[in-house]
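Engineer: Questions regarding the structure given below will be posed in turn.
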Amino acid sequence: MNVGDYVTAREHIEKLIKQSPKSDFVIYGLAALDCLTGHVEDSLRHLDEAMKLNGSLRYQARNDSDFHNLAEDPRFTELLYPDPAADAEPESAFREEESY
């Protein structure tokens, strides 16, 4: 990928995925390659998958120039800077008391 040979890079990454389908760094590499080659939807999907496997990749992606094509995409921003309140369960306004 670093020298711009995206066809060979994709071949290598696909072989690695077959060998280790849950390898966070391989899926992350595929996300980067997808972004560099204009496959935005695939890039977002693979990046999300990689970050679910390894949350620290979120910080790496924030500064990774391979994702510059997605910098202005709000979906990319949401992946990298998730709303912590979105995962929290809403508190009930009424709590049942076991006894009065």
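In the structure tokens, each chain is lettered A, B, ... as it comes, each chain's residues begin at 1, and ligands are numbered from 1 in order of appearance.
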Got a sec: who's within 9 Å of region 31-42 of chain A, counting only C-alpha atoms, leaving out chain neighbours fewer than 2 positions off, as a PyMOL selection string?
Structural biologist: chain A and resi 1+6+9-10+26-29+44-48+50+61+64+66-70
Engineer: Any chance you can output those residues with C-alpha atoms as a PDB file, in the first residue's frame?
Structural biologist:
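The resulting file, part.pdb, is reproduced below:
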ATOM      1  CA  MET A   1       0.000   0.000   0.000  1.00  0.00           C
ATOM      2  CA  TYR A   6      -3.117  -1.454  -4.270  1.00  0.00           C
ATOM      3  CA  ALA A   9      -1.802  -5.092  -1.349  1.00  0.00           C
ATOM      4  CA  ARG A  10      -5.400  -6.304  -1.642  1.00  0.00           C
ATOM      5  CA  VAL A  26      -5.517  -7.028   9.105  1.00  0.00           C
ATOM      6  CA  ILE A  27      -9.116  -5.793   9.031  1.00  0.00           C
ATOM      7  CA  TYR A  28      -7.833  -2.303   9.855  1.00  0.00           C
ATOM      8  CA  GLY A  29      -5.415  -2.559   6.925  1.00  0.00           C
ATOM      9  CA  LEU A  44     -16.315   2.298   7.142  1.00  0.00           C
ATOM     10  CA  ARG A  45     -17.629  -1.229   7.666  1.00  0.00           C
ATOM     11  CA  HIS A  46     -14.146  -2.744   8.021  1.00  0.00           C
ATOM     12  CA  LEU A  47     -12.942   0.059  10.271  1.00  0.00           C
ATOM     13  CA  ASP A  48     -15.941  -0.446  12.549  1.00  0.00           C
ATOM     14  CA  ALA A  50     -11.558  -3.651  13.466  1.00  0.00           C
ATOM     15  CA  ALA A  61      -7.328   5.907  12.884  1.00  0.00           C
ATOM     16  CA  ASP A  64      -3.848   7.851  10.051  1.00  0.00           C
ATOM     17  CA  ASP A  66      -4.742   6.656   4.889  1.00  0.00           C
ATOM     18  CA  PHE A  67      -8.198   7.781   5.987  1.00  0.00           C
ATOM     19  CA  HIS A  68      -7.873  11.369   4.756  1.00  0.00           C
ATOM     20  CA  ASN A  69     -10.598  10.711   2.150  1.00  0.00           C
ATOM     21  CA  LEU A  70     -13.052  10.157   5.010  1.00  0.00           C
TER      22      LEU A  70
END
Engineer: Write out as an NGL selection string each polymer residue whose atoms come within 9 Å of Asn54 (chain A), counting only C-alpha atoms; drop sequence neighbours fewer than 5 positions from it.
Structural biologist: :A and (24-25 or 49)
Engineer: Keeping only all heavy atoms, write the selected residues to a file as a PDB file, in the first residue's frame.
Structural biologist:
ATOM      1  N   ASP A  24      -7.532  -8.010  14.106  1.00  0.00           N
ATOM      2  CA  ASP A  24      -7.890  -6.597  14.083  1.00  0.00           C
ATOM      3  C   ASP A  24      -7.003  -5.769  13.158  1.00  0.00           C
ATOM      4  O   ASP A  24      -7.495  -4.938  12.400  1.00  0.00           O
ATOM      5  CB  ASP A  24      -7.890  -6.023  15.494  1.00  0.00           C
ATOM      6  CG  ASP A  24      -6.541  -6.129  16.194  1.00  0.00           C
ATOM      7  OD1 ASP A  24      -5.759  -7.036  15.874  1.00  0.00           O
ATOM      8  OD2 ASP A  24      -6.275  -5.307  17.086  1.00  0.00           O
ATOM      9  N   PHE A  25      -5.695  -6.005  13.179  1.00  0.00           N
ATOM     10  CA  PHE A  25      -4.813  -5.168  12.370  1.00  0.00           C
ATOM     11  C   PHE A  25      -4.936  -5.473  10.876  1.00  0.00           C
ATOM     12  O   PHE A  25      -4.724  -4.596  10.042  1.00  0.00           O
ATOM     13  CB  PHE A  25      -3.356  -5.256  12.835  1.00  0.00           C
ATOM     14  CG  PHE A  25      -2.722  -6.617  12.666  1.00  0.00           C
ATOM     15  CD1 PHE A  25      -2.049  -6.944  11.514  1.00  0.00           C
ATOM     16  CD2 PHE A  25      -2.803  -7.558  13.686  1.00  0.00           C
ATOM     17  CE1 PHE A  25      -1.462  -8.189  11.351  1.00  0.00           C
ATOM     18  CE2 PHE A  25      -2.220  -8.803  13.546  1.00  0.00           C
ATOM     19  CZ  PHE A  25      -1.553  -9.130  12.370  1.00  0.00           C
ATOM     20  N   GLU A  49     -15.534  -2.808  12.229  1.00  0.00           N
ATOM     21  CA  GLU A  49     -15.250  -4.182  12.653  1.00  0.00           C
ATOM     22  C   GLU A  49     -13.911  -4.267  13.388  1.00  0.00           C
ATOM     23  O   GLU A  49     -13.807  -4.892  14.439  1.00  0.00           O
ATOM     24  CB  GLU A  49     -15.250  -5.105  11.439  1.00  0.00           C
ATOM     25  CG  GLU A  49     -15.035  -6.553  11.761  1.00  0.00           C
ATOM     26  CD  GLU A  49     -15.035  -7.451  10.525  1.00  0.00           C
ATOM     27  OE1 GLU A  49     -15.394  -6.994   9.428  1.00  0.00           O
ATOM     28  OE2 GLU A  49     -14.656  -8.623  10.677  1.00  0.00           O
TER      29      GLU A  49
END
Engineer: Could you work out how far CA of Glu78 (chain A) lies from CA of Arg62 (chain A), giving the answer in Å with one decimal?
Structural biologist: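 Those two atoms sit 11.3 Å apart.
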Engineer: If we count only C-alpha atoms and set the cut-off at 10 Å, which residues sit around Leu80 (chain A), ignoring sequence neighbours fewer than 2 positions away in its own chain? Please answer as a PyMOL selection string.
Structural biologist: chain A and resi 47-48+51+55+57-62+74-78+82-83
Engineer: Based on DSSP run over this structure's backbone, return all residues of chain A in helix (DSSP H, G or I), as a ChimeraX atom specification.
Structural biologist: /A:6-19,24-36,40-53,57-62,65-70,74-80,84-87
